[in-house]
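Q: Please see the structure below; I have some questions.
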Protein chains: 2
Amino acid sequence: LRVSEVLVRNYFLACGAICVIAAAAGSVVLFPVTRIHAAKVNEPAYTSSGDMLPPANYREWVYLSTGLGMSYTAKPADAPNFDNVFVNPEAYHSFLATGTWPDKTVMVLEGREARSNGSINQSGHFQGTGITGVEVHVKDEGRFPGKWAFFDFGPGANGKLIPQAASCYTCHAEHGAVDNTFVQFYPTLLPIAKDKGTLSAEFLKDEAAHVAPAAK
Amino acid sequence: LRVSEVLVRNYFLACGAICVIAAAAGSVVLFPVTRIHAAKVNEPAYTSSGDMLPPANYREWVYLSTGLGMSYTAKPADAPNFDNVFVNPEAYHSFLATGTWPDKTVMVLEGREARSNGSINQSGHFQGTGITGVEVHVKDEGRFPGKWAFFDFGPGANGKLIPQAASCYTCHAEHGAVDNTFVQFYPTLLPIAKDKGTLSAEFLKDEAAHVAPAAK
């Protein structure tokens, strides 16, 4: 089921109900657009044991960026993979308007195998069909201490919560450009955060430290 | 204007009009979902001189894949860029159902600068804010001989038609996995084309030639 279909169906149902009332009363009513709620299909959902359900259809969410062999240490990856990042459209549109993330933001990090020789390609890298991993970073304010959590998804499995003591939480908090997220690697969002003044103090400090040596 | 908003607005207008009739007649009507047409906002549009208008909002279309420094010759790129590919959602959903592209398919190839040292990243590559180029591959059956055309977009400019004699047309025709397009580089679509039996004879010939040496 696509988001657009849900929108239409929800609207169809809401409108049908109102029209019945309108017809019965013999009058015409306007249908407020605010009655439509489509976000729920893209919101985080969990099992009773606290695992996260795989976000359905994330490949149709809004694409943020891709890295190849990105590493936070100087050692290059032995077999670099691509990482694609997607976010639920509701959170993306909220970011465009505000420069930061709303509650129920869901970001999916999808690892893809990097191939080089294939079809007519002879140099550089393209993405193969193999998925090398899926991780989710979710903002669910009422559920997690610190508001955010990471989940690791094995093939065909629900997501397992990565404990809050793991280094990814501190690293995102200390270096994320906006609210625990690496907006510095999302080229369509970084200018918006700059414009809205939502860049974190931690990120600005990192940037100042980076710029200084190069300016010597 | 987002697709979802257009969907809602179109439906709103259509429904409003029908409800007026329903109310006037004192009866209730059902609102067929087939009355809704949202595709037009993502369809190709041209100036009177034949230039193509930039596809608005393509970053919210469906993402297909990314390459880094891909080259169809053995010589590596001096300064490799990322290439991100997006397609209009209507065409994507049609492909999921049929394994091939409908009329009015619009694919956008966006070049992005590749950066390596930035923020906490020390190895591999991520995408910077700089756009290195935008090209569109569009299927408009009634407009172009061969049904497809390429347009090159300079910064802030309309797209210029790449002449049909250019090598990109013959290369796509001779090596594209599905209907003049490089579906072999789009990992979510290649399995669908295989499943639906829509892989081109040219691509299957290429694959057979590739497999033979490796199998020796």
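By convention here, the chains of the structure tokens are called A, B, ... in the order presented, each chain's residues are numbered starting at 1, and ligands are numbered starting at 1 in the order presented.
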Output the contact residues of chain A with respect to chain B at a cut-off of 6 Å, based on only C-alpha atoms, as a PyMOL selection string.
A: chain A and resi 23+26+60+62+67-74+76+120-126+128-129+187
Q: Report, in Å with one decimal, the straight-line distance from atom CA of B:Leu109 to atom CA of A:Pro54.
A: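 Separating atom CA of B:Leu109 from atom CA of A:Pro54 is a distance of 29.0 Å.
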Q: Any idea what's packed within 6 Å of B:Lys160, counting only C-alpha atoms, ignoring anything in its chain fewer than 6 positions away? Could you give it as a PyMOL selection string?
A: chain B and resi 51+151-152
Q: Might you pull out every residue within 8 Å of A:Tyr58, with only C-alpha atoms counted and same-chain residues fewer than 4 positions away left off, and present them as a ChimeraX atom specification?
A: /A:86-88,108
Q: Take the selection from the previous step and output its residues with N, CA, C and O atoms, as a tab-separated table (two decimals), in the first residue's frame.
A:
chain	number	residue	atom	x	y	z
A	86	PHE	N	17.66	6.97	3.96
A	86	PHE	CA	16.29	7.40	3.63
A	86	PHE	C	15.61	7.88	4.91
A	86	PHE	O	15.92	7.41	5.99
A	87	VAL	N	14.64	8.79	4.74
A	87	VAL	CA	13.89	9.27	5.91
A	87	VAL	C	12.40	9.29	5.54
A	87	VAL	O	12.05	9.50	4.36
A	88	ASN	N	11.55	9.10	6.55
A	88	ASN	CA	10.11	9.12	6.24
A	88	ASN	C	9.70	10.52	5.77
A	88	ASN	O	10.19	11.53	6.27
A	108	VAL	N	16.54	5.39	7.82
A	108	VAL	CA	17.00	4.04	7.50
A	108	VAL	C	18.35	4.13	6.80
A	108	VAL	O	18.49	4.85	5.80
Q: Find the spatial neighbours of stretch 162-168 of chain A, counting only C-alpha atoms, within a cut-off of 9 Å - ignore same-chain residues fewer than 4 positions away - and output them as number ranges by chain.
A: A: 144-146, 149-152, 172-173
Q: With all heavy atoms retained, export the selected residues as a PDB file, in the first residue's frame.
A:
ATOM      1  N   PHE A 144      12.087   6.525  24.385  1.00  0.00           N
ATOM      2  CA  PHE A 144      13.517   6.302  24.629  1.00  0.00           C
ATOM      3  C   PHE A 144      14.119   7.431  25.467  1.00  0.00           C
ATOM      4  O   PHE A 144      13.859   8.602  25.205  1.00  0.00           O
ATOM      5  CB  PHE A 144      14.275   6.219  23.301  1.00  0.00           C
ATOM      6  CG  PHE A 144      13.742   5.186  22.360  1.00  0.00           C
ATOM      7  CD1 PHE A 144      13.151   5.553  21.157  1.00  0.00           C
ATOM      8  CD2 PHE A 144      13.817   3.840  22.681  1.00  0.00           C
ATOM      9  CE1 PHE A 144      12.647   4.605  20.282  1.00  0.00           C
ATOM     10  CE2 PHE A 144      13.320   2.875  21.813  1.00  0.00           C
ATOM     11  CZ  PHE A 144      12.727   3.254  20.604  1.00  0.00           C
ATOM     12  N   PRO A 145      14.967   7.060  26.421  1.00  0.00           N
ATOM     13  CA  PRO A 145      15.738   8.101  27.117  1.00  0.00           C
ATOM     14  C   PRO A 145      16.651   8.766  26.083  1.00  0.00           C
ATOM     15  O   PRO A 145      17.238   8.082  25.244  1.00  0.00           O
ATOM     16  CB  PRO A 145      16.573   7.318  28.141  1.00  0.00           C
ATOM     17  CG  PRO A 145      16.388   5.881  27.856  1.00  0.00           C
ATOM     18  CD  PRO A 145      15.334   5.694  26.823  1.00  0.00           C
ATOM     19  N   GLY A 146      16.731  10.077  26.089  1.00  0.00           N
ATOM     20  CA  GLY A 146      17.503  10.761  25.050  1.00  0.00           C
ATOM     21  C   GLY A 146      16.734  10.893  23.750  1.00  0.00           C
ATOM     22  O   GLY A 146      17.274  11.351  22.748  1.00  0.00           O
ATOM     23  N   ALA A 149      16.802   6.308  19.326  1.00  0.00           N
ATOM     24  CA  ALA A 149      17.353   4.957  19.499  1.00  0.00           C
ATOM     25  C   ALA A 149      17.807   4.404  18.161  1.00  0.00           C
ATOM     26  O   ALA A 149      17.330   4.822  17.100  1.00  0.00           O
ATOM     27  CB  ALA A 149      16.323   4.020  20.125  1.00  0.00           C
ATOM     28  N   PHE A 150      18.769   3.462  18.234  1.00  0.00           N
ATOM     29  CA  PHE A 150      19.226   2.735  17.048  1.00  0.00           C
ATOM     30  C   PHE A 150      18.729   1.295  17.110  1.00  0.00           C
ATOM     31  O   PHE A 150      18.738   0.677  18.181  1.00  0.00           O
ATOM     32  CB  PHE A 150      20.761   2.708  16.989  1.00  0.00           C
ATOM     33  CG  PHE A 150      21.393   4.044  16.752  1.00  0.00           C
ATOM     34  CD1 PHE A 150      21.801   4.840  17.819  1.00  0.00           C
ATOM     35  CD2 PHE A 150      21.590   4.516  15.456  1.00  0.00           C
ATOM     36  CE1 PHE A 150      22.398   6.073  17.603  1.00  0.00           C
ATOM     37  CE2 PHE A 150      22.183   5.752  15.239  1.00  0.00           C
ATOM     38  CZ  PHE A 150      22.583   6.535  16.308  1.00  0.00           C
ATOM     39  N   PHE A 151      18.340   0.785  15.961  1.00  0.00           N
ATOM     40  CA  PHE A 151      17.950  -0.625  15.841  1.00  0.00           C
ATOM     41  C   PHE A 151      18.727  -1.266  14.702  1.00  0.00           C
ATOM     42  O   PHE A 151      18.922  -0.657  13.650  1.00  0.00           O
ATOM     43  CB  PHE A 151      16.446  -0.755  15.569  1.00  0.00           C
ATOM     44  CG  PHE A 151      15.581  -0.502  16.771  1.00  0.00           C
ATOM     45  CD1 PHE A 151      15.205   0.794  17.118  1.00  0.00           C
ATOM     46  CD2 PHE A 151      15.145  -1.552  17.555  1.00  0.00           C
ATOM     47  CE1 PHE A 151      14.401   1.037  18.226  1.00  0.00           C
ATOM     48  CE2 PHE A 151      14.339  -1.321  18.673  1.00  0.00           C
ATOM     49  CZ  PHE A 151      13.969  -0.029  19.010  1.00  0.00           C
ATOM     50  N   ASP A 152      19.133  -2.508  14.946  1.00  0.00           N
ATOM     51  CA  ASP A 152      19.881  -3.254  13.941  1.00  0.00           C
ATOM     52  C   ASP A 152      18.985  -4.364  13.398  1.00  0.00           C
ATOM     53  O   ASP A 152      18.439  -5.150  14.175  1.00  0.00           O
ATOM     54  CB  ASP A 152      21.139  -3.848  14.594  1.00  0.00           C
ATOM     55  CG  ASP A 152      22.021  -4.541  13.589  1.00  0.00           C
ATOM     56  OD1 ASP A 152      22.093  -4.087  12.427  1.00  0.00           O
ATOM     57  OD2 ASP A 152      22.630  -5.562  13.960  1.00  0.00           O
ATOM     58  N   HIS A 172      26.959  10.263  17.960  1.00  0.00           N
ATOM     59  CA  HIS A 172      25.928  11.095  17.308  1.00  0.00           C
ATOM     60  C   HIS A 172      25.624  12.339  18.140  1.00  0.00           C
ATOM     61  O   HIS A 172      25.398  13.415  17.586  1.00  0.00           O
ATOM     62  CB  HIS A 172      24.660  10.270  17.059  1.00  0.00           C
ATOM     63  CG  HIS A 172      24.695   9.479  15.791  1.00  0.00           C
ATOM     64  ND1 HIS A 172      23.877   9.759  14.716  1.00  0.00           N
ATOM     65  CD2 HIS A 172      25.480   8.434  15.414  1.00  0.00           C
ATOM     66  CE1 HIS A 172      24.146   8.892  13.734  1.00  0.00           C
ATOM     67  NE2 HIS A 172      25.093   8.085  14.121  1.00  0.00           N
ATOM     68  N   ALA A 173      25.622  12.178  19.458  1.00  0.00           N
ATOM     69  CA  ALA A 173      25.337  13.337  20.321  1.00  0.00           C
ATOM     70  C   ALA A 173      26.466  14.367  20.244  1.00  0.00           C
ATOM     71  O   ALA A 173      26.221  15.576  20.230  1.00  0.00           O
ATOM     72  CB  ALA A 173      25.132  12.880  21.768  1.00  0.00           C
TER      73      ALA A 173
END
Q: Go through stretch 18-207 of chain B and collect every residue that DSSP, computed from the backbone, puts in strand (DSSP E or B); the answer should be as a VMD selection string.
A: chain B and resid 46 52 62 to 71 82 to 87 106 to 115 118 121 123 to 139 148 to 153 159 to 161 178 181
Q: Stretch 92-182 of chain B: which residues are alpha helix (DSSP H) by DSSP, as a count of residues only?
A: 16
Q: Atom CA of A:Thr100 and atom CA of A:Tyr46 are how many Å apart?
A: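 Between atom CA of A:Thr100 and atom CA of A:Tyr46 the gap works out to 24.1 Å.
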Q: Interatomic distance between atom CA of B:Gly133 and atom CA of B:Glu43?
A: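 Rounded to one decimal, the two atoms are 20.8 Å apart.
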